[in-house]
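Data file: coords35.txt. Format and content: compact mmCIF, C-alpha atoms.
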# COMPACT_ATOMS: atom_id res chain seq x y z
CA MET A 1 20.04 -5.59 -27.80
CA THR A 2 18.40 -7.14 -24.72
CA HIS A 3 21.71 -7.15 -22.87
CA ASP A 4 22.23 -3.47 -23.72
CA LEU A 5 18.75 -2.54 -22.49
CA ASP A 6 19.29 -4.47 -19.26
CA ASP A 7 22.57 -2.60 -18.74
CA ARG A 8 20.89 0.73 -19.39
CA MET A 9 18.00 -0.12 -17.09
CA HIS A 10 20.23 -1.13 -14.18
CA PHE A 11 22.36 1.96 -14.74
CA ALA A 12 19.23 4.13 -14.61
CA ILE A 13 17.95 2.40 -11.46
CA ASP A 14 21.21 2.99 -9.62
CA LEU A 15 21.47 6.55 -10.87
CA ALA A 16 17.87 7.41 -9.89
CA ARG A 17 18.46 6.10 -6.39
CA ARG A 18 21.70 8.07 -6.00
CA ALA A 19 19.99 11.18 -7.37
CA GLY A 20 17.18 10.60 -4.92
CA GLU A 21 19.64 10.59 -2.03
CA LEU A 22 20.93 13.96 -3.20
CA GLY A 23 17.39 15.27 -3.52
CA LEU A 24 16.61 14.17 0.02
CA LYS A 25 19.46 16.31 1.35
CA TYR A 26 17.76 19.39 -0.08
CA PHE A 27 14.32 18.16 1.02
CA ARG A 28 15.51 17.87 4.62
CA ASP A 29 16.89 21.40 4.61
CA LEU A 30 14.01 23.36 3.08
CA ASP A 31 14.66 26.45 5.21
CA ASN A 32 17.81 27.05 3.17
CA LEU A 33 16.45 26.04 -0.22
CA THR A 34 16.35 28.62 -3.01
CA VAL A 35 13.06 28.47 -4.96
CA GLU A 36 12.00 30.39 -8.07
CA SER A 37 8.80 30.58 -10.10
CA LYS A 38 8.82 29.67 -13.81
CA GLY A 39 5.14 30.49 -14.22
CA HIS A 40 1.72 29.75 -12.76
CA GLN A 41 2.02 26.79 -10.37
CA ASP A 42 5.41 26.00 -11.94
CA LEU A 43 8.32 26.12 -9.51
CA VAL A 44 12.00 25.27 -9.72
CA SER A 45 14.41 24.89 -6.83
CA GLU A 46 18.14 24.74 -6.35
CA GLY A 47 17.55 21.06 -5.68
CA ASP A 48 16.00 20.50 -9.13
CA ARG A 49 18.96 22.08 -10.89
CA GLU A 50 21.68 20.40 -8.86
CA VAL A 51 20.09 16.95 -9.06
CA GLU A 52 19.75 17.29 -12.83
CA LEU A 53 23.42 18.29 -13.15
CA PHE A 54 24.34 15.22 -11.09
CA ILE A 55 22.30 12.94 -13.37
CA ARG A 56 23.68 14.55 -16.54
CA ALA A 57 27.26 14.13 -15.38
CA ALA A 58 26.73 10.44 -14.66
CA ILE A 59 25.13 9.84 -18.07
CA ALA A 60 27.88 11.77 -19.85
CA GLU A 61 30.48 9.57 -18.19
CA ALA A 62 28.74 6.24 -18.82
CA TYR A 63 27.20 6.99 -22.25
CA PRO A 64 29.16 9.94 -23.66
CA GLN A 65 27.72 9.67 -27.19
CA ASP A 66 24.06 9.63 -26.11
CA GLY A 67 21.77 12.64 -26.17
CA ILE A 68 20.19 14.14 -23.06
CA VAL A 69 16.91 16.04 -22.66
CA GLY A 70 16.00 17.39 -19.24
CA GLU A 71 13.62 19.86 -17.67
CA GLU A 72 16.04 22.35 -16.18
CA HIS A 73 19.03 22.53 -18.55
CA ALA A 74 19.62 22.68 -22.30
CA ALA A 75 19.39 19.55 -24.43
CA VAL A 76 22.56 17.74 -25.46
CA ALA A 77 22.72 16.22 -28.95
CA GLY A 78 24.01 12.67 -29.33
CA THR A 79 25.17 10.43 -32.14
CA THR A 80 23.85 6.99 -31.11
CA GLY A 81 20.11 7.51 -31.53
CA HIS A 82 19.69 7.06 -27.77
CA VAL A 83 18.37 10.00 -25.77
CA TRP A 84 18.14 10.10 -21.97
CA VAL A 85 15.04 12.00 -20.85
CA ILE A 86 15.16 13.18 -17.24
CA ASP A 87 13.16 15.07 -14.65
CA PRO A 88 15.31 15.47 -11.54
CA ILE A 89 12.40 16.23 -9.23
CA ASP A 90 8.89 15.69 -10.53
CA GLY A 91 6.50 17.21 -8.02
CA THR A 92 8.53 20.28 -7.15
CA ALA A 93 5.46 22.02 -5.70
CA ASN A 94 5.28 19.18 -3.16
CA PHE A 95 9.05 19.09 -2.67
CA VAL A 96 9.42 22.76 -1.72
CA ARG A 97 6.51 22.59 0.72
CA GLY A 98 7.71 19.51 2.56
CA ILE A 99 5.15 17.11 1.09
CA PRO A 100 6.79 13.68 0.55
CA ALA A 101 5.29 13.01 -2.88
CA TRP A 102 8.00 13.67 -5.46
CA CYS A 103 10.24 11.50 -7.58
CA VAL A 104 13.29 11.22 -9.81
CA VAL A 105 12.41 10.25 -13.39
CA ILE A 106 14.81 8.76 -15.92
CA ALA A 107 13.85 7.36 -19.32
CA CYS A 108 15.95 6.27 -22.27
CA ALA A 109 14.50 6.45 -25.77
CA ARG A 110 15.85 5.39 -29.14
CA ASP A 111 14.51 7.04 -32.28
CA GLY A 112 11.53 8.30 -30.29
CA GLU A 113 10.61 4.93 -28.74
CA THR A 114 11.04 4.60 -24.99
CA GLU A 115 13.16 1.59 -24.09
CA VAL A 116 13.91 2.11 -20.39
CA GLY A 117 11.90 3.81 -17.65
CA VAL A 118 12.68 4.41 -13.97
CA ILE A 119 10.66 6.36 -11.42
CA HIS A 120 12.16 6.53 -7.94
CA GLU A 121 10.30 7.98 -4.96
CA PRO A 122 12.96 8.71 -2.32
CA SER A 123 10.58 9.41 0.56
CA THR A 124 9.18 5.87 0.45
CA ASP A 125 12.26 4.22 -1.13
CA GLU A 126 10.09 2.83 -3.91
CA THR A 127 11.66 2.31 -7.33
CA PHE A 128 9.41 1.52 -10.28
CA TYR A 129 11.30 0.36 -13.34
CA GLY A 130 11.18 -1.61 -16.56
CA ARG A 131 12.52 -1.97 -20.06
CA LEU A 132 10.88 -2.56 -23.42
CA GLY A 133 9.70 -6.17 -23.59
CA GLY A 134 10.95 -6.97 -20.10
CA GLY A 135 8.00 -6.24 -17.83
CA ALA A 136 7.62 -3.68 -15.05
CA PHE A 137 8.72 -3.95 -11.44
CA LEU A 138 8.60 -2.27 -8.05
CA ASN A 139 11.63 -2.93 -5.86
CA GLY A 140 12.25 -6.24 -7.61
CA LYS A 141 8.64 -7.49 -7.66
CA PRO A 142 6.53 -7.58 -10.86
CA ILE A 143 3.71 -5.06 -11.05
CA LYS A 144 0.46 -5.22 -12.97
CA ALA A 145 -1.95 -2.56 -14.18
CA SER A 146 -5.52 -2.69 -12.91
CA ASP A 147 -7.95 -5.34 -14.16
CA ALA A 148 -10.95 -3.17 -13.24
CA THR A 149 -13.82 -2.97 -15.71
CA SER A 150 -15.72 -0.12 -14.05
CA LEU A 151 -14.70 3.33 -12.84
CA SER A 152 -16.46 2.57 -9.58
CA GLU A 153 -13.71 0.09 -8.71
CA GLY A 154 -11.02 2.65 -7.92
CA SER A 155 -9.53 6.09 -8.53
CA VAL A 156 -8.27 7.75 -11.69
CA GLY A 157 -5.22 10.00 -11.50
CA THR A 158 -5.74 13.40 -13.12
CA GLY A 159 -3.17 16.04 -13.97
CA LEU A 160 -3.45 19.76 -14.60
CA SER A 161 -1.49 21.14 -17.54
CA ASN A 162 -0.44 24.75 -17.98
CA ARG A 163 -0.80 24.20 -21.73
CA ALA A 164 -4.49 23.30 -21.64
CA SER A 165 -7.70 24.85 -20.40
CA THR A 166 -8.40 24.29 -16.71
CA THR A 167 -12.07 23.82 -17.50
CA ASN A 168 -11.29 20.69 -19.53
CA VAL A 169 -9.98 18.74 -16.54
CA VAL A 170 -12.94 19.97 -14.48
CA VAL A 171 -15.26 18.49 -17.10
CA LEU A 172 -13.26 15.24 -17.05
CA ILE A 173 -13.48 14.97 -13.27
CA GLY A 174 -17.23 15.51 -13.47
CA LEU A 175 -17.57 12.71 -16.02
CA ILE A 176 -15.48 10.34 -13.91
CA MET A 177 -17.52 11.05 -10.79
CA GLY A 178 -20.73 10.77 -12.78
CA GLU A 179 -19.85 7.12 -13.42
CA GLY A 180 -19.20 6.38 -9.77
CA GLY A 181 -15.47 6.98 -9.99
CA VAL A 182 -13.08 9.02 -7.87
CA PHE A 183 -10.31 11.32 -9.05
CA TYR A 184 -6.85 11.43 -7.47
CA ARG A 185 -4.17 14.09 -7.78
CA ASN A 186 -0.87 14.36 -5.90
CA ALA A 187 0.90 16.98 -8.09
CA SER A 188 3.42 14.50 -9.50
CA GLY A 189 2.32 13.15 -12.87
CA ALA A 190 5.21 10.70 -13.13
CA LEU A 191 4.41 9.24 -9.73
CA MET A 192 0.74 8.85 -10.62
CA LEU A 193 1.77 7.05 -13.82
CA ALA A 194 3.82 4.68 -11.68
CA TYR A 195 0.75 4.14 -9.51
CA ALA A 196 -1.29 3.36 -12.63
CA ALA A 197 1.35 0.83 -13.71
CA SER A 198 1.20 -0.86 -10.32
CA GLY A 199 -2.60 -1.01 -10.17
CA ARG A 200 -2.93 1.50 -7.36
CA LEU A 201 -4.83 3.75 -9.75
CA LEU A 202 -7.15 2.65 -12.54
CA GLY A 203 -5.26 4.95 -14.86
CA TYR A 204 -3.76 8.38 -15.27
CA ILE A 205 -4.81 11.23 -17.57
CA GLU A 206 -3.32 14.62 -18.40
CA GLU A 207 -4.17 16.72 -21.43
CA HIS A 208 -0.55 17.63 -22.05
CA MET A 209 2.71 16.40 -20.50
CA ASN A 210 6.34 17.06 -21.33
CA ALA A 211 8.43 14.08 -22.33
CA TRP A 212 10.52 14.09 -19.15
CA ASP A 213 7.37 13.76 -17.06
CA CYS A 214 5.63 10.96 -18.94
CA LEU A 215 7.85 8.71 -21.09
CA ALA A 216 9.11 6.53 -18.24
CA GLY A 217 5.66 6.08 -16.73
CA MET A 218 3.95 5.35 -20.03
CA LEU A 219 6.45 2.58 -20.71
CA LEU A 220 5.84 1.13 -17.26
CA VAL A 221 2.07 1.10 -17.79
CA GLU A 222 2.47 -0.80 -21.05
CA GLU A 223 5.00 -3.23 -19.61
CA ALA A 224 2.62 -3.83 -16.70
CA GLY A 225 -0.10 -4.94 -19.12
CA GLY A 226 -1.96 -1.65 -19.37
CA THR A 227 -2.78 0.50 -22.38
CA VAL A 228 -1.59 3.98 -23.31
CA LEU A 229 -2.47 6.51 -25.96
CA LYS A 230 0.56 6.32 -28.21
CA ALA A 231 2.71 9.43 -28.49
CA ASP A 232 4.08 10.64 -31.81
CA PRO A 233 7.75 9.56 -31.66
CA LYS A 234 8.77 12.42 -33.97
CA ARG A 235 7.20 15.11 -31.78
CA VAL A 236 7.12 13.88 -28.20
CA LEU A 237 10.65 14.86 -27.15
CA GLY A 238 10.27 18.43 -28.30
CA GLN A 239 6.56 19.06 -27.91
CA GLY A 240 5.22 16.59 -25.37
CA THR A 241 1.99 14.65 -25.72
CA ARG A 242 -1.53 14.02 -24.49
CA VAL A 243 -1.49 11.25 -21.88
CA ILE A 244 -4.28 8.73 -21.42
CA THR A 245 -3.37 5.48 -19.68
CA GLY A 246 -5.17 2.73 -17.83
CA GLY A 247 -5.73 -0.93 -17.29
CA LYS A 248 -6.61 -2.67 -20.54
CA HIS A 249 -10.29 -3.07 -19.66
CA ILE A 250 -10.89 0.47 -18.40
CA PHE A 251 -8.78 2.30 -20.98
CA PRO A 252 -11.46 2.43 -23.74
CA ARG A 253 -13.88 4.09 -21.33
CA LEU A 254 -11.28 6.59 -20.15
CA GLN A 255 -10.46 7.46 -23.76
CA LEU A 256 -14.13 8.12 -24.53
CA LEU A 257 -14.45 10.41 -21.51
CA CYS A 258 -11.34 12.29 -22.60
CA GLU A 259 -12.73 12.78 -26.08
CA THR A 260 -15.73 14.49 -24.51
CA ALA A 261 -13.77 16.53 -21.97
CA PHE A 262 -10.85 17.55 -24.19
CA GLY A 263 -12.80 17.90 -27.44
CA PHE A 264 -10.89 15.63 -29.76
CA THR A 265 -11.69 12.62 -31.93
CA ARG A 266 -9.63 9.61 -32.88
Structure encoded using structure tokens:
Amino acid sequence: MTHDLDDRMHFAIDLARRAGELGLKYFRDLDNLTVESKGHQDLVSEGDREVELFIRAAIAEAYPQDGIVGEEHAAVAGTTGHVWVIDPIDGTANFVRGIPAWCVVIACARDGETEVGVIHEPSTDETFYGRLGGGAFLNGKPIKASDATSLSEGSVGTGLSNRASTTNVVVLIGLIMGEGGVFYRNASGALMLAYAASGRLLGYIEEHMNAWDCLAGMLLVEEAGGTVLKADPKRVLGQGTRVITGGKHIFPRLQLLCETAFGFTR
């Protein structure tokens, strides 16, 4: 099993980097890029679709019996229990406006449990990756979630979901700042999860995320010694999940603030 996960992880790392190279070609030729709107603050580009097709073709060749779930194209059913969960360009709003904060996201789950996660940021050539039980890494070096015990020791990444009330995240930001903290948002939830896994952020929170945006990053946070709000393995692929992550010491406080801001109880 370990050998298989290592193989899948290294496959995903190589594929994310190659997909990132393709994405960069579109990013460097934005004047000729076709962009469409899928809804409020929700864009899709020719680059998103073509990069996803590239990733899907590579997976179909290497793991033809596995399932595939992606943001831009229909799901493919598999027979092995493994499902590849992909976002070809997370941070499309940045991508189409020339802001170098976007990433390729590839996760592999089995029976709803994420086993491999890769987040590659082409503009900086940073690749965050890990597998279940194997730790988390950035370009070959181990990473570690924050050891902070107070919100005043850093910034908390916050996301804005189209499936939740905007006022909820405004309340959350107010609570964070009220405790001496700072909020951070770069319009790429997956990238901010990678930053939480590497200790750059104290944590990352979003009231709702789709599986292709969050599964890889949530695995990395856990493998880096952090804590995450567990997703329901039976629902996450189809319906997404609430995301609360952070260093192990700060996570309980973040969860309490989210309960107030989002109006839920454990």
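Once A:Pro100 and its same-chain neighbours fewer than 5 positions away are set aside, Asn94, Phe95 and Ser123 of chain A remain within 7 Å of it when counting only C-alpha atoms.
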Give me, as a tab-separated table, each residue of stretch 64-171 of chain A that comes within 6 Å of stretch 188-207 of chain A, together with its shortest interatomic pair and the distance in Å at one decimal, counting all atoms listed in the file, with rows ordered by chain and rising residue number.
residue	atom	partner	partner_atom	distance
A:Asp90	CA	A:Ser188	CA	5.7
A:Gly91	CA	A:Ser188	CA	4.4
A:Ile143	CA	A:Ser198	CA	4.9
A:Lys144	CA	A:Ser198	CA	5.2
A:Ala145	CA	A:Gly199	CA	4.3
A:Ser146	CA	A:Gly199	CA	4.3
A:Ser155	CA	A:Leu201	CA	5.4
A:Val156	CA	A:Gly203	CA	5.2
A:Gly157	CA	A:Tyr204	CA	4.4
A:Thr158	CA	A:Ile205	CA	5.0
A:Gly159	CA	A:Glu206	CA	4.7
**Request:** Rank nothing, just name the residue among A:Gly117, A:Glu153, A:Leu229, A:Gly67 nearest to A:Gly134, using all atoms listed in the file.
**Result:** A:Gly117
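Minimum distance to A:Phe128 across A:Arg110, A:Arg28, A:His82, A:Arg17 (counting all atoms listed in the file) occurs at A:Arg17.
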**Request:** Show me as a ChimeraX atom specification the residues that reach within 8 Å of (16.3, 9.9, -11.3), counting all atoms listed in the file and using the file's own coordinates.
**Result:** /A:12-13,15-20,55,86-89,103-106,118-120
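Separating atom CA of A:Val76 from atom CA of A:Glu46 is a distance of 20.8 Å.
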**Asked** Using all atoms listed in the file, which of the listed residues (A:Ser161, A:Thr227, A:Thr167, A:Thr124) sits closest to A:Arg242?
**Response** A:Ser161
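Comparing A:Gly112, A:Gly181, A:His208, A:Trp84 by their smallest distance to A:Arg235, the closest is A:Gly112 (using all atoms listed in the file).
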**Item:** Length of the atom CA of A:Gly23 to atom CA of A:Glu50 vector [Å]
**Value:** 8.6 Å
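Checking A:Glu179, A:Glu72, A:Asp232, A:Asp4 one by one against A:Arg253, counting all atoms listed in the file, you find the shortest gap at A:Glu179.
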**Request:** Using atom CA of A:Val228 and atom CA of A:Pro252 as the two end points, give the distance in Å to one decimal.
**Result:** 10.0 Å
Let me have the centre and edge lengths of the axis-aligned box enclosing all listed atoms of stretch 175-190 of chain A with 5 Å padding on every side, in Å to one decimal, as AutoDock Vina command-line options.
--center_x -7.8 --center_y 11.7 --center_z -11.0 --size_x 35.9 --size_y 20.6 --size_z 20.1
**Message:** For A:Ala109, find every residue with an atom within 12 Å (counting all atoms listed in the file), except residues of its own chain fewer than 2 positions away, and show them as a ChimeraX atom specification.
**Reply:** /A:5,8-9,66-69,78,80-86,106-107,111-117,131-132,211-212,215-216,219,233-234,236-237
**Prompt:** Got a sec: who's within 7 Å of stretch 138-142 of chain A, counting only C-alpha atoms, leaving out chain neighbours fewer than 6 positions off, as a list in words?
**Reply:** Glu126, Thr127, Phe128 and Tyr129 of chain A
